[in-house]
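Student: Let me begin by handing over the structure; questions about it come next.
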Amino acid sequence: MARPEKMDSTTIENIVADAIDEAVDFVESEIAPDRIKAQRYFDGEVDIGYEEGRSKVVATKVRDTVRNIKPSLLRIFASTDKAGEFIPKKPEDIMTAEQATQYISWRMNECGRFNLLTDAFHDALIKKQGVLKVYWDETESVEIHSYDNLTDEEYYAIINDPEIEVIEHSEETYAEMDQMGMEMQRVEHSLKVSRKNAESQLTIKSVAPEEFFVDRNATCIEDAYIVAHRTEMRVGDLVAMGFDFDKVSELDGIDDGGDLEIYERKGYMEDDTDEDNADPSMKLVQVTEAYMRMDIEGTGVPALYKLTCGGTDHELLDYELWDEIPFAVFECDPEPHAFYGRSVADLIIDDQDAATAMLRGVLDNVALTNNPRMEVLEDMVNMDDVLNNEIGAIVRSRQIGSVQPLITPFMADSTLTALSYLDQAVEAKTGVSRASLGLDPDTLQNTSATAAKLAQQGGQGQIEVIARNLAETGLRRLYKLMLKLMVKNSPERTLMRMNSQFVPVDPASWNTSMDVSINVGLGTGQEDIKMTVMSQMLQLQLGLFQQGGFQNGLVSMTNIHNVMSEILTMSGFHNVEKYLQPMTPQIEQQLMQMQVQQQQAAAQQGNPAMAQAQALLQAEQIKAQAKMQTDAAKIQAQQQTEMAKLDAQQQAKVAELQLRQQHEMQKLQKELGIARMDDDRERDRMLQELYIRQAELMAEEGIALDTARIQAKQASN
């Protein structure tokens with residue numbers, strides 16, 4: 001296989017254009033038909049036909065089920081302001097994780113959390129997936145300003161601004177007399193300028209399902225060969241993004257292939273009138289953002305790129321290295337090892353057909369029972385009278401019995417039983433029932449409150465699974481994408497509202513690898529349980545604080561403030577600072593100091609009770625300090641005794657080693673004397689062995705080795 005080479009723009013364009021075409025073909029041929037059908041059924045349509053003159057009513061199972069699930073989901077996800085919480089990976093990440101949690105939650109609310117989640121959940125319930133796009137939007141806006149009667153100084157001050165571009169300029173010269181009676185010239189300027197304002201902010205946008213494409217082999221966002229977002233943009237918007245006007249104005253818009261799904265979603269066909277006839281900057285052109293891993297540089301290792309293509313031919317406009325695919329995909333019923341799962345609409349479409357057929361039969365049966373068909377003798381009755389359906393109308397006939405009703409047996413009661421069976425089947429599939437919604441009269445009237453609550457919670461099992469799938473598939477990735485964008489693009493220092501106070505934070509220092517824990521309150525009973533536990537905790541805290549005060553050692557005013565804040569939040573009052581003053585450990589320390597000062601002042605003013613309390617407090621403090629000093633003295637004395645013992649043992653060992661060393665030296669000298677010290681080399685070798693032996697003995701006895709002393713002796717020899 002040939003070694004990869006660096007790609008040119010033509011090769012890149014061909015690769016990305018083929019990948020986009022294949023992804024679009026896969027989605028429009030395999031996925032779009034199911035989504036179109038689901039949208040039709042949500043709108044109250046069915047595929048079964050009807051006879052002229054018979055009932056055309058539709059049992060809107062899909063729409064009713066989706067509308068009943070959405071309030072439960074929104075209640076679950078809106079029960080807390082911090083649906084996602086960042087988990088620190090290191091001890092130093094604890095404080096930044098709390099800051100990141102509150103900051104990202106605030107940014108989520110600023111971007112319109114409720115509307116974004118509503119759109120994502122709606123698409124996921126009906127069209128398999130809801131998609132949110134997270135990106136850092138950097139655009140330039142243009143403001144037009146006009147000025148009249150400007151002096152030369154004012155004129156030059158304006159045009160010297162680097163962000164100002166002059167559009168029109170005119171000047172007029174006037175002659176006037178100064179104070180000395182001399183004629184002078186005065187110039188007045190008229191000016192029209194444009195000012196460019198650069199704006200950058202975190203943006204989250206809901207993506208229509210028909211605008212989102214992946215390849216057919218993808219199982220998730222991470223392993224997709226291509227992830228593409230196709231939409232229409234105005235030429236002027238593309239020019240504001242930095243693209244050349246002449247190039248983008250020649251691009252064409254989306255073809256008619258995707259109009260059917262857009263029509264089913266909107267309920268009306270879009271206007272195809274060319275806006276460029278009057279204003280070319282308002283022309284709509286197709287723009288596709290493709291995210292692919294490609295080896296453009298020829299290194300052999302692919303990297304993620306964002307490739308911007310225009311028109312139906314996917315002309316390459318720009319490409320750049322990218323950090324993360326900016327899409328969070330929400331799914332209700334994901335399918336393992338597949339990118340597209342099932343929607344709630346997919347589960348009950350067939351039930352809507354069956355329920356519609358039965359409901360139409362019931363209505364037709366009731367109509368025929370109440371207004372049966374007639375058997376008449378054609379020549380014996382007045383046909384106009386027979387065709388008149390007015391109640392109490394007279395039918396003229398020439399013979400008794402010439403008009404006879406065709407009796408239709410009433411079968412609606414049996415059909416209604418079958419309809420109840422279908423309702424139960426839908427409830428089992430979706431978890432939406434009268435019991436789960438708290439609307440079943442038998443459950444409410446004939447059982448205890450606890451049993452009714454358990455029945456309601458038991459019926460919500462499927463909804464809880466749907467909520468958890470939405471949280472794990474989409475919301476977790478959404479929070480991670482937001483964190484990475486804020487760390488990469490936000491200013492180094494910014495202010496954030498935290499615990500009812502504005503504190504400086506540095507998003508650039510946050511750890512982007514922190515995990516996300518989803519804190520959705522699953523089940524309607526969970527909030528009641530949490531409220532009960534929090535109320536009991538508050539009572540326990542207040543009791544401990546009343547008994548021990550600031551020095552109770554277990555509960556602080558900050559802890560009490562946090563519990564009260566949680567109770568207010570769970571009750572729906574999110575503006576906590578409206579009801580509680582801010583409380584932090586620093587504020588609590590100041591309050592403690594103020595209390596001590598007040599006690600001292602009261603004692604000085606002759607308040608016997610306060611003076612006695614102050615004296616007792618000081619006595620206890622003196623006792624505690626004396627005990628601490630005594631304990632410290634005991635510990636110090638013990639340490640000194642142990643050190644003395646160790647020193648004595650060490651000195652004894654050193655003396656013993658010195659004696660042994662002297663014996664070794666005498667022995668060595670004796671041997672060297674016999675040799676008459678003729679062989680210096682042999683003498684040095686034996687001295688080295690002596691020092692080594694001495695070091696080994698000292699190591700065996702646990703005595704620190706004086707390396708410097710040994711080296712000095714070696715050098716002297």
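Residues are named by chain letter and number: chains run A, B, ... in the order of the structure tokens, numbers start at 1 in each chain, and ligands are numbered from 1 in the order shown.
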For stretch 190-198 of chain A, work out the shell of residues within 9 Å, counting only C-alpha atoms and skipping chain neighbours fewer than 4 positions away, then give it as an MDAnalysis selection string.

Tutor: chainID A and resid 138:150 155 158:159 163:172

Student: Tell me, as JSON, numbers by chain, which residues lie within 9 Å of A:Ala124, counting only C-alpha atoms; anything in the same chain fewer than 4 positions away does not count.

Tutor: {"A": [119, 120, 128, 129, 130, 131, 329, 330, 331, 332, 333, 342, 343, 344, 470]}

Student: How would the residues just chosen look if you wrote them out with C-alpha atoms as a CSV table (one decimal), in the first residue's frame?

Tutor:
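The new file selection.csv reads:
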```
chain,number,residue,atom,x,y,z
A,119,ASP,CA,-37.6,20.7,21.4
A,120,ALA,CA,-35.1,17.9,22.0
A,128,LYS,CA,-36.3,8.8,17.0
A,129,GLN,CA,-33.8,11.5,18.0
A,130,GLY,CA,-33.6,15.1,19.2
A,131,VAL,CA,-30.4,16.9,18.3
A,329,VAL,CA,-28.2,13.4,20.5
A,330,PHE,CA,-31.2,12.6,22.7
A,331,GLU,CA,-32.9,9.2,22.4
A,332,CYS,CA,-36.0,7.7,24.2
A,333,ASP,CA,-35.3,4.0,23.3
A,342,ARG,CA,-37.0,3.8,18.3
A,343,SER,CA,-39.3,6.6,19.2
A,344,VAL,CA,-42.5,6.4,21.2
A,470,LEU,CA,-32.5,11.1,27.5
```

Student: Which residue gives the smallest distance to A:Asp64 among A:Gln352, A:Ser535, A:Gln595, A:Asn489, with only C-alpha atoms counted?

Tutor: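 Using only C-alpha atoms, A:Asp64 sits closest to A:Gln352.
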
Student: Smallest atom-to-atom distance to A:Phe410: which of A:Asn371, A:Asn562, A:Thr512, A:Thr173, using only C-alpha atoms?

Tutor: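 Closest to A:Phe410, using only C-alpha atoms: A:Asn371.
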
Student: I'd like to know which of A:Glu92, A:Glu176, A:Glu315, A:Glu464 is closest to A:Thr430, using only C-alpha atoms.

Tutor: A:Glu464

Student: If you run DSSP on this backbone, which residues of stretch 112-308 of chain A come out as strand (DSSP E), and could you give them as a ChimeraX atom specification?

Tutor: /A:129-150,164-177,183-207,212-214,226-234,284-294,303-308

Student: Report as a list in words: the residues of stretch 201-334 of chain A with a DSSP assignment of alpha helix (DSSP H), based on the backbone of this structure.

Tutor: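 Of stretch 201-334 of chain A, the ones in alpha helix (DSSP H) are Val235, Gly236, Asp237, Leu238, Val239, Ala240, Phe245, Asp246, Lys247, Val248, Asp259, Leu260, Glu261, Ile262, Tyr263, Glu264, Arg265 and Lys266 of chain A.
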
Student: Restricted to C-alpha atoms, what would the selected residues look like written as a PDB file, in the first residue's frame?

Tutor:
```pdb
ATOM      1  CA  VAL A 235     -25.788  35.078   1.590  1.00  0.00           C
ATOM      2  CA  GLY A 236     -25.372  38.060   3.911  1.00  0.00           C
ATOM      3  CA  ASP A 237     -24.865  35.756   6.910  1.00  0.00           C
ATOM      4  CA  LEU A 238     -22.148  33.856   5.073  1.00  0.00           C
ATOM      5  CA  VAL A 239     -20.436  37.111   4.130  1.00  0.00           C
ATOM      6  CA  ALA A 240     -20.527  38.135   7.814  1.00  0.00           C
ATOM      7  CA  PHE A 245     -19.761  37.424  -1.626  1.00  0.00           C
ATOM      8  CA  ASP A 246     -19.179  36.577  -5.291  1.00  0.00           C
ATOM      9  CA  LYS A 247     -18.495  32.941  -4.423  1.00  0.00           C
ATOM     10  CA  VAL A 248     -21.390  32.266  -2.077  1.00  0.00           C
ATOM     11  CA  ASP A 259     -39.368  19.246   1.212  1.00  0.00           C
ATOM     12  CA  LEU A 260     -41.746  16.408   2.169  1.00  0.00           C
ATOM     13  CA  GLU A 261     -40.351  15.991   5.659  1.00  0.00           C
ATOM     14  CA  ILE A 262     -40.220  19.754   6.146  1.00  0.00           C
ATOM     15  CA  TYR A 263     -43.827  19.992   4.987  1.00  0.00           C
ATOM     16  CA  GLU A 264     -44.974  17.271   7.390  1.00  0.00           C
ATOM     17  CA  ARG A 265     -43.211  19.035  10.257  1.00  0.00           C
ATOM     18  CA  LYS A 266     -44.473  22.534   9.500  1.00  0.00           C
TER      19      LYS A 266
END
```

Student: Considering only C-alpha atoms, state which residue in the set A:Ile12, A:Val487, A:Tyr305, A:Glu472 is at the smallest distance from A:Ile325.

Tutor: A:Tyr305

Student: Using only C-alpha atoms, find the one residue out of A:Leu132, A:Leu540, A:Leu125, A:Leu307 that sits nearest to A:Ile204.

Tutor: A:Leu132

Student: Go through A:Asp379, A:Glu232, A:Asp178, A:Glu289 and flag the residue nearest A:Phe327, using only C-alpha atoms for the distances.

Tutor: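 Smallest separation from A:Phe327 among the options: A:Glu289.
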